[in-house]
>>> print(open('upload_28.txt').read())   # compact mmCIF, C-alpha atoms
# COMPACT_ATOMS: atom_id res chain seq x y z
CA MET A 1 0.00 0.00 0.00
CA LYS A 2 0.90 3.65 -0.25
CA VAL A 3 0.68 5.09 3.25
CA LEU A 4 1.07 8.61 4.61
CA VAL A 5 2.67 8.68 8.06
CA THR A 6 2.56 12.10 9.67
CA GLY A 7 4.97 12.73 12.52
CA ALA A 8 7.38 10.34 10.80
CA ALA A 9 10.39 11.80 12.63
CA GLY A 10 8.62 11.29 15.94
CA PHE A 11 9.00 8.52 18.49
CA ILE A 12 6.04 6.41 17.38
CA GLY A 13 6.11 7.56 13.75
CA MET A 14 9.61 6.25 13.10
CA HIS A 15 8.80 2.80 14.50
CA VAL A 16 5.53 2.56 12.57
CA ALA A 17 7.25 3.58 9.33
CA LYS A 18 9.92 0.90 9.83
CA ILE A 19 7.29 -1.83 10.16
CA LEU A 20 5.42 -0.66 7.06
CA LEU A 21 8.62 -0.46 5.01
CA ALA A 22 9.84 -3.86 6.20
CA ARG A 23 6.72 -5.51 4.84
CA GLY A 24 6.90 -3.76 1.46
CA ASP A 25 4.60 -0.74 1.75
CA GLU A 26 5.44 2.60 0.17
CA VAL A 27 5.65 5.28 2.87
CA VAL A 28 5.58 9.05 2.56
CA GLY A 29 6.67 10.61 5.83
CA VAL A 30 5.71 14.13 6.88
CA ASP A 31 7.10 16.10 9.82
CA THR A 32 7.73 19.75 10.70
CA LEU A 33 10.99 18.96 12.53
CA ASN A 34 10.10 21.70 15.01
CA ASP A 35 12.12 22.50 18.13
CA TYR A 36 9.67 21.36 20.84
CA TYR A 37 12.61 19.12 21.70
CA ASP A 38 16.07 18.76 20.11
CA PRO A 39 15.57 18.41 16.32
CA ARG A 40 18.81 16.41 16.15
CA LEU A 41 16.99 13.47 17.71
CA LYS A 42 14.28 13.75 15.05
CA LEU A 43 16.89 13.86 12.29
CA ALA A 44 18.63 10.82 13.78
CA ARG A 45 15.32 8.93 13.74
CA LEU A 46 14.84 9.86 10.09
CA GLU A 47 18.26 8.42 9.29
CA GLU A 48 16.89 5.07 10.48
CA ILE A 49 14.31 5.03 7.67
CA LYS A 50 15.55 7.42 4.96
CA PRO A 51 17.84 4.86 3.27
CA HIS A 52 14.86 2.63 2.45
CA ALA A 53 13.98 2.73 -1.25
CA ASN A 54 10.24 2.89 -0.52
CA PHE A 55 10.47 5.89 1.81
CA ARG A 56 10.18 9.55 0.90
CA PHE A 57 10.23 12.45 3.35
CA ARG A 58 8.48 15.83 3.12
CA GLN A 59 9.13 18.55 5.68
CA LEU A 60 5.63 19.98 6.01
CA ASP A 61 3.26 21.29 8.67
CA ILE A 62 -0.11 19.53 8.75
CA ALA A 63 -1.64 22.85 9.81
CA ASP A 64 -0.66 24.31 6.40
CA ARG A 65 -3.90 23.82 4.49
CA MET A 66 -2.57 24.43 1.00
CA ALA A 67 0.45 22.19 1.52
CA MET A 68 -1.77 19.37 2.72
CA GLU A 69 -4.20 19.78 -0.17
CA ASP A 70 -1.32 19.60 -2.65
CA LEU A 71 0.24 16.59 -0.91
CA PHE A 72 -2.96 14.54 -0.97
CA ALA A 73 -3.75 15.51 -4.56
CA GLN A 74 -0.27 14.55 -5.75
CA GLU A 75 0.23 11.32 -3.82
CA LYS A 76 -3.22 9.68 -3.75
CA PHE A 77 -2.58 7.74 -0.55
CA GLN A 78 -4.50 4.56 0.09
CA ARG A 79 -4.26 4.86 3.86
CA VAL A 80 -3.18 7.49 6.36
CA ILE A 81 -1.71 7.25 9.87
CA ASN A 82 -1.70 10.54 11.78
CA LEU A 83 0.97 10.60 14.48
CA ALA A 84 1.71 14.31 14.18
CA ALA A 85 0.58 16.27 17.20
CA GLN A 86 1.74 18.74 19.79
CA PRO A 87 2.34 16.34 22.70
CA GLY A 88 2.63 16.83 26.42
CA VAL A 89 0.11 17.53 29.16
CA ARG A 90 2.19 20.06 31.09
CA TYR A 91 3.29 22.04 28.04
CA SER A 92 -0.37 22.55 27.13
CA LEU A 93 -0.68 24.77 30.20
CA LYS A 94 2.10 27.01 28.88
CA ASN A 95 1.41 27.14 25.14
CA PRO A 96 -2.23 26.26 24.38
CA TYR A 97 -2.13 27.73 20.87
CA ALA A 98 0.35 25.07 19.73
CA TYR A 99 -2.30 22.44 20.51
CA ILE A 100 -5.08 24.34 18.78
CA GLN A 101 -3.02 24.84 15.64
CA THR A 102 -1.59 21.33 15.21
CA ASN A 103 -4.04 19.06 17.00
CA LEU A 104 -7.21 20.75 15.77
CA VAL A 105 -6.47 22.74 12.60
CA GLY A 106 -3.92 20.22 11.35
CA PHE A 107 -6.21 17.31 12.14
CA GLY A 108 -9.01 18.95 10.19
CA ASN A 109 -6.73 19.35 7.18
CA LEU A 110 -5.96 15.62 7.25
CA LEU A 111 -9.64 14.69 7.44
CA GLU A 112 -10.34 16.90 4.43
CA GLY A 113 -7.44 15.34 2.54
CA CYS A 114 -8.79 11.87 3.23
CA ARG A 115 -12.34 12.87 2.32
CA HIS A 116 -11.48 14.36 -1.06
CA ASN A 117 -8.94 11.76 -2.18
CA GLY A 118 -10.56 8.40 -1.60
CA VAL A 119 -8.47 7.30 1.39
CA GLU A 120 -9.54 3.81 2.50
CA HIS A 121 -8.76 4.13 6.21
CA PHE A 122 -7.66 6.99 8.47
CA VAL A 123 -5.90 5.88 11.68
CA TYR A 124 -4.91 8.51 14.22
CA ALA A 125 -3.27 8.83 17.62
CA SER A 126 -5.59 9.67 20.45
CA SER A 127 -4.43 9.34 24.07
CA SER A 128 -5.22 7.78 27.42
CA SER A 129 -5.42 11.40 28.62
CA VAL A 130 -8.97 11.59 27.24
CA TYR A 131 -10.16 9.63 30.30
CA GLY A 132 -9.47 12.75 32.37
CA ALA A 133 -11.50 12.85 35.58
CA ASN A 134 -12.80 9.30 35.06
CA THR A 135 -11.47 7.08 37.85
CA ARG A 136 -13.22 3.78 37.05
CA MET A 137 -10.52 1.22 36.28
CA PRO A 138 -9.56 -0.24 33.91
CA PHE A 139 -10.35 2.49 31.38
CA SER A 140 -12.69 1.19 28.69
CA VAL A 141 -13.44 2.70 25.28
CA HIS A 142 -17.10 2.17 26.18
CA ASP A 143 -16.84 4.64 29.09
CA ASN A 144 -17.82 8.29 28.88
CA VAL A 145 -14.84 10.62 28.37
CA ASP A 146 -16.45 14.04 28.55
CA HIS A 147 -14.32 15.47 31.37
CA PRO A 148 -10.75 16.16 30.15
CA VAL A 149 -8.39 17.83 32.63
CA SER A 150 -5.91 19.39 30.17
CA LEU A 151 -6.12 21.10 26.80
CA TYR A 152 -3.98 18.30 25.36
CA ALA A 153 -6.61 15.77 26.47
CA ALA A 154 -9.40 17.99 25.15
CA SER A 155 -7.69 18.22 21.75
CA LYS A 156 -7.48 14.42 21.53
CA LYS A 157 -11.12 14.04 22.52
CA ALA A 158 -11.94 16.62 19.84
CA ASN A 159 -10.05 14.51 17.30
CA GLU A 160 -12.27 11.55 18.08
CA LEU A 161 -15.40 13.70 17.65
CA MET A 162 -14.14 15.20 14.39
CA ALA A 163 -13.28 11.74 13.05
CA HIS A 164 -16.75 10.45 13.90
CA THR A 165 -18.32 13.35 12.03
CA TYR A 166 -16.39 12.45 8.87
CA SER A 167 -17.22 8.77 9.29
CA HIS A 168 -20.90 9.73 9.57
CA LEU A 169 -21.08 12.37 6.83
CA TYR A 170 -18.72 10.92 4.23
CA GLY A 171 -18.38 7.23 5.10
CA LEU A 172 -14.67 7.69 5.83
CA PRO A 173 -13.46 4.72 7.94
CA THR A 174 -11.60 6.09 10.96
CA SER A 175 -9.87 4.38 13.90
CA GLY A 176 -8.58 6.26 16.94
CA LEU A 177 -5.86 4.77 19.13
CA ARG A 178 -5.67 5.74 22.77
CA TYR A 179 -2.01 5.19 23.56
CA PHE A 180 -1.00 4.53 27.17
CA THR A 181 2.37 5.97 28.37
CA VAL A 182 4.67 4.84 25.58
CA TYR A 183 8.35 4.20 26.35
CA GLY A 184 11.37 2.58 24.73
CA PRO A 185 14.31 3.26 22.38
CA TRP A 186 14.21 6.58 20.53
CA GLY A 187 11.78 8.01 23.12
CA ARG A 188 11.17 11.70 23.74
CA PRO A 189 13.41 13.81 26.03
CA ASP A 190 10.37 15.33 27.77
CA MET A 191 9.05 11.95 28.97
CA SER A 192 9.80 10.32 32.31
CA PRO A 193 12.16 7.50 31.16
CA TRP A 194 14.51 10.03 29.53
CA LEU A 195 14.20 12.58 32.36
CA PHE A 196 14.82 9.95 35.03
CA THR A 197 17.67 8.21 33.20
CA TYR A 198 19.45 11.47 32.40
CA ALA A 199 19.17 12.78 35.97
CA ILE A 200 20.29 9.52 37.58
CA LEU A 201 23.36 9.29 35.34
CA GLU A 202 24.16 12.95 36.08
CA ASP A 203 23.74 12.30 39.83
CA ARG A 204 20.95 14.87 40.03
CA PRO A 205 17.59 14.47 41.81
CA ILE A 206 14.50 13.40 39.86
CA ASP A 207 11.10 15.06 40.36
CA VAL A 208 8.53 12.59 41.68
CA PHE A 209 5.03 14.06 41.52
CA ASN A 210 2.11 13.35 43.86
CA MET A 211 4.71 12.13 46.37
CA GLY A 212 5.17 9.05 44.18
CA LYS A 213 1.59 7.87 44.61
CA MET A 214 0.86 7.40 40.92
CA GLN A 215 0.35 4.51 38.50
CA ARG A 216 0.85 4.30 34.77
CA ASP A 217 0.11 1.63 32.16
CA PHE A 218 3.60 1.75 30.62
CA THR A 219 3.54 0.35 27.08
CA TYR A 220 6.63 -0.61 25.09
CA ILE A 221 7.12 1.10 21.74
CA ASP A 222 7.31 -2.10 19.66
CA ASP A 223 3.89 -3.13 20.97
CA ILE A 224 2.48 0.31 20.18
CA ALA A 225 3.86 0.31 16.63
CA GLU A 226 2.76 -3.25 15.86
CA GLY A 227 -0.73 -2.59 17.22
CA THR A 228 -1.01 0.57 15.14
CA VAL A 229 -0.17 -1.26 11.91
CA GLN A 230 -2.54 -4.09 12.70
CA VAL A 231 -5.37 -1.60 13.26
CA LEU A 232 -4.48 0.08 9.95
CA ASP A 233 -4.95 -3.27 8.22
CA ARG A 234 -8.44 -3.76 9.69
CA ILE A 235 -10.61 -1.08 8.10
CA ALA A 236 -13.13 0.31 10.58
CA ALA A 237 -16.69 -0.89 10.01
CA PRO A 238 -20.08 0.06 11.46
CA ASN A 239 -21.28 -1.71 14.58
CA PRO A 240 -24.49 -3.52 13.51
CA GLU A 241 -25.65 -3.63 17.13
CA PHE A 242 -25.22 0.09 17.77
CA ALA A 243 -28.25 1.54 19.55
CA THR A 244 -28.95 5.25 19.10
CA ASP A 245 -31.04 5.33 22.27
CA ASP A 246 -28.08 3.97 24.26
CA PRO A 247 -25.02 5.01 22.25
CA ASP A 248 -21.72 3.20 22.73
CA PRO A 249 -18.82 5.72 22.88
CA GLY A 250 -16.34 3.20 21.43
CA THR A 251 -18.23 2.28 18.25
CA SER A 252 -20.87 3.71 15.91
CA TYR A 253 -23.42 3.06 13.20
CA ALA A 254 -20.74 4.74 11.03
CA PRO A 255 -17.37 3.14 10.10
CA TYR A 256 -15.71 4.39 13.27
CA ARG A 257 -13.72 2.70 16.04
CA VAL A 258 -11.69 3.70 19.09
CA TYR A 259 -9.18 1.35 20.75
CA ASN A 260 -6.99 1.40 23.84
CA ILE A 261 -3.40 0.30 23.30
CA GLY A 262 -1.85 -0.28 26.71
CA ASN A 263 0.02 -3.00 28.52
CA HIS A 264 -3.10 -3.52 30.71
CA GLN A 265 -0.80 -3.89 33.74
CA PRO A 266 -0.55 -0.60 35.65
CA VAL A 267 2.76 -0.06 37.43
CA ALA A 268 3.34 2.11 40.50
CA LEU A 269 5.59 5.08 39.75
CA MET A 270 8.04 4.05 42.47
CA THR A 271 8.28 0.56 40.93
CA PHE A 272 8.96 2.14 37.53
CA ILE A 273 11.75 4.24 39.04
CA LYS A 274 13.21 1.18 40.78
CA THR A 275 13.23 -0.70 37.46
CA ILE A 276 15.27 2.11 35.86
CA GLU A 277 17.60 2.19 38.88
CA ASP A 278 18.18 -1.55 38.56
CA ALA A 279 18.92 -1.28 34.83
CA LEU A 280 21.37 1.57 35.43
CA GLY A 281 22.94 0.10 38.56
CA ARG A 282 22.40 3.39 40.37
CA GLU A 283 19.96 4.76 42.91
CA ALA A 284 18.03 7.94 42.16
CA GLN A 285 17.91 10.99 44.40
CA LYS A 286 14.20 11.80 44.69
CA ASN A 287 12.57 15.20 44.95
CA PHE A 288 9.00 14.49 46.07
CA LEU A 289 6.47 17.05 44.83
CA PRO A 290 2.68 17.55 44.89
CA MET A 291 0.39 16.67 41.98
CA GLN A 292 0.84 18.72 38.81
CA PRO A 293 -2.16 20.56 37.29
CA GLY A 294 -3.67 18.62 34.38
CA ASP A 295 -2.20 15.28 35.48
CA VAL A 296 -4.06 12.16 36.61
CA VAL A 297 -3.24 9.73 39.42
CA ALA A 298 -3.54 6.48 37.49
CA THR A 299 -4.04 4.96 34.03
CA TYR A 300 -5.01 1.38 33.26
CA ALA A 301 -6.12 0.13 29.83
CA ASN A 302 -8.84 -2.37 29.06
CA VAL A 303 -7.70 -3.80 25.71
CA ASP A 304 -10.50 -6.33 25.20
CA ASP A 305 -11.79 -4.63 22.04
CA LEU A 306 -8.33 -4.48 20.47
CA LYS A 307 -7.76 -8.15 21.25
CA ARG A 308 -11.19 -9.20 19.94
CA ASP A 309 -11.29 -7.13 16.75
CA VAL A 310 -7.64 -7.03 15.76
CA GLY A 311 -6.24 -10.08 17.51
CA PHE A 312 -3.51 -8.09 19.23
CA GLU A 313 -2.54 -7.07 22.74
CA PRO A 314 0.69 -5.53 24.09
CA LYS A 315 2.82 -7.98 26.04
CA THR A 316 6.36 -6.67 26.68
CA PRO A 317 7.25 -6.93 30.41
CA LEU A 318 8.43 -3.68 31.98
CA ALA A 319 11.85 -5.01 32.99
CA ASP A 320 12.54 -6.15 29.41
CA GLY A 321 11.41 -2.86 27.92
CA ILE A 322 13.39 -0.73 30.37
CA GLY A 323 16.48 -2.88 29.77
CA ARG A 324 16.24 -2.19 26.03
CA TRP A 325 15.60 1.50 26.70
CA VAL A 326 18.70 1.88 28.87
CA GLU A 327 20.82 -0.05 26.37
CA TRP A 328 19.68 2.30 23.58
CA TYR A 329 20.17 5.41 25.73
CA ARG A 330 23.75 4.48 26.52
CA ARG A 331 24.47 3.71 22.87
CA TYR A 332 22.83 6.90 21.56
CA HIS A 333 24.80 9.05 24.01
CA ARG A 334 27.99 7.01 23.56
CA LEU A 335 28.15 6.20 27.26
CA GLY A 336 29.78 2.79 26.77
>>> encode(input="upload_28.txt", output="structure tokens")
Amino acid sequence: MKVLVTGAAGFIGMHVAKILLARGDEVVGVDTLNDYYDPRLKLARLEEIKPHANFRFRQLDIADRMAMEDLFAQEKFQRVINLAAQPGVRYSLKNPYAYIQTNLVGFGNLLEGCRHNGVEHFVYASSSSVYGANTRMPFSVHDNVDHPVSLYAASKKANELMAHTYSHLYGLPTSGLRYFTVYGPWGRPDMSPWLFTYAILEDRPIDVFNMGKMQRDFTYIDDIAEGTVQVLDRIAAPNPEFATDDPDPGTSYAPYRVYNIGNHQPVALMTFIKTIEDALGREAQKNFLPMQPGDVVATYANVDDLKRDVGFEPKTPLADGIGRWVEWYRRYHRLG
């Protein structure tokens, strides 16, 4: 297939592109290469996929309407995976306009491109953050998610609503993927594995929010990428049992689906830190802090729908994933 992967120089985008290329798909990668974090890491990720004969890269902003219209008209993609977004819960408190521009305007441009160019399936990154104030565990795609606690979460919920509208109005098959705390090689510098590993190796204290009383459903990058591709291959279809008088948030009468992709094994933050300490052979200095605005205490994914419909569930144990992360981190930074 010919597939557009937006955010191709990103953490998840690079891994997804590698899987698609390895199986023989033609991939066009798009990324802005902005400076939200060090662009050198993004360029290094691109070097992992650029040599492939079936890969072409375009430095474009999905929020640029004309550029997106031209790209779709020229390339005639069969399927699209949108992994381009302004990430980060805490940064959304500082720079909300970045989220409005990329996550809303840019997302709308992609929907329009799919609508007008016969795209067979539009798969996009949502987030576990959409569960917001919901505390019923494990999080299910069939639960209500109308109470986001950050603009980042609200933008991802908006993506799901926008996608449903296009599935309803134009019959565009769309699948949203609620990723749960992704980690692993080539991860982002603003995420906890990188922040913790860097600080521990520099013998500096790490910030531990909510006094360490937090849980996350840490999910290894290979599982995330493989699940994404498998969802791409299963074109979203209407739910024949959908009831309009008791609507199911996770499905629709339209060709629309939402899936959780998580390890479905929540890990206490202090256990996560201890796993990194063990892999590094060093103990962290800990700076215990109160809860951050916009954050949530715990995440825990119910992946029953993903397993039933797609035949896939994440399975990498935390210790294995962290071991591979630390090995990559040392190699990338030439730490021996």
>>> residues_near_point(input="upload_28.txt", point="(-1.8, 21.9, 3.9)", cutoff="12 Å", atoms="all atoms listed in the file", output="NGL selection string")
:A and (30 or 32 or 58-73 or 102 or 105-113)
>>> closest_residue(input="upload_28.txt", among="A:Val303, A:Ile100, A:Ile12, A:Val145", to="Ala84 in chain A", atoms="only C-alpha atoms")
A:Ile12
>>> atom_distance(input="upload_28.txt", atom1="CA of Gly184 in chain A", atom2="CA of His142 in chain A")
28.5 Å
>>> atom_distance(input="upload_28.txt", atom1="CA of Gly227 in chain A", atom2="CA of Ala268 in chain A")
24.1 Å
>>> closest_residue(input="upload_28.txt", among="A:Phe11, A:Tyr329, A:Tyr256, A:Phe196", to="Ile221 in chain A", atoms="all atoms listed in the file")
A:Phe11
>>> closest_residue(input="upload_28.txt", among="A:Val326, A:Leu269, A:Leu318, A:Leu289", to="Pro205 in chain A", atoms="only C-alpha atoms")
A:Leu289
>>> closest_residue(input="upload_28.txt", among="A:Gly132, A:Gly13, A:Gly29, A:Pro314", to="His52 in chain A", atoms="all atoms listed in the file")
A:Gly29
>>> residues_around(input="upload_28.txt", residues="Val297 in chain A", least_positions_apart="4", cutoff="8 Å", atoms="all atoms listed in the file", output="compact mmCIF listing (two decimals) with C-alpha atoms, in the coordinates of the input")
# COMPACT_ATOMS: atom_id res chain seq x y z
CA ASN A 210 2.11 13.35 43.86
CA LYS A 213 1.59 7.87 44.61
CA MET A 214 0.86 7.40 40.92
CA GLN A 215 0.35 4.51 38.50
>>> closest_residue(input="upload_28.txt", among="A:Leu232, A:Ser167, A:Ser150, A:Leu46", to="Ala125 in chain A", atoms="all atoms listed in the file")
A:Leu232
>>> closest_residue(input="upload_28.txt", among="A:Leu104, A:Ala301, A:Val310, A:Leu172", to="Tyr131 in chain A", atoms="all atoms listed in the file")
A:Ala301
>>> residues_around(input="upload_28.txt", residues="Trp186 in chain A", least_positions_apart="3", cutoff="9 Å", atoms="all atoms listed in the file", output="list in words")
Gly10, Phe11, Ile12, Met14, His15, Leu41, Arg45, Tyr183, Trp325, Trp328, Tyr329 and Tyr332 of chain A
>>> atom_distance(input="upload_28.txt", atom1="CA of Ile206 in chain A", atom2="CA of Phe288 in chain A")
8.4 Å
>>> residues_around(input="upload_28.txt", residues="range 280-286 of chain A", least_positions_apart="6", cutoff="9 Å", atoms="all atoms listed in the file", output="number ranges by chain")
A: 196-197, 199-201, 203-208, 273-274, 323, 326
>>> write_last_selection(input="upload_28.txt", atoms="C-alpha atoms", output="CSV table (one decimal), keeping the file's coordinate frame")
chain,number,residue,atom,x,y,z
A,196,PHE,CA,14.8,10.0,35.0
A,197,THR,CA,17.7,8.2,33.2
A,199,ALA,CA,19.2,12.8,36.0
A,200,ILE,CA,20.3,9.5,37.6
A,201,LEU,CA,23.4,9.3,35.3
A,203,ASP,CA,23.7,12.3,39.8
A,204,ARG,CA,21.0,14.9,40.0
A,205,PRO,CA,17.6,14.5,41.8
A,206,ILE,CA,14.5,13.4,39.9
A,207,ASP,CA,11.1,15.1,40.4
A,208,VAL,CA,8.5,12.6,41.7
A,273,ILE,CA,11.8,4.2,39.0
A,274,LYS,CA,13.2,1.2,40.8
A,323,GLY,CA,16.5,-2.9,29.8
A,326,VAL,CA,18.7,1.9,28.9
>>> residues_around(input="upload_28.txt", residues="Asp248 in chain A", least_positions_apart="2", cutoff="10 Å", atoms="all atoms listed in the file", output="ChimeraX atom specification")
/A:141-144,239,241-246,250-253
>>> residues_around(input="upload_28.txt", residues="Thr174 in chain A", least_positions_apart="4", cutoff="7 Å", atoms="all atoms listed in the file", output="PyMOL selection string")
chain A and resi 121-123+163+167+236+255-257
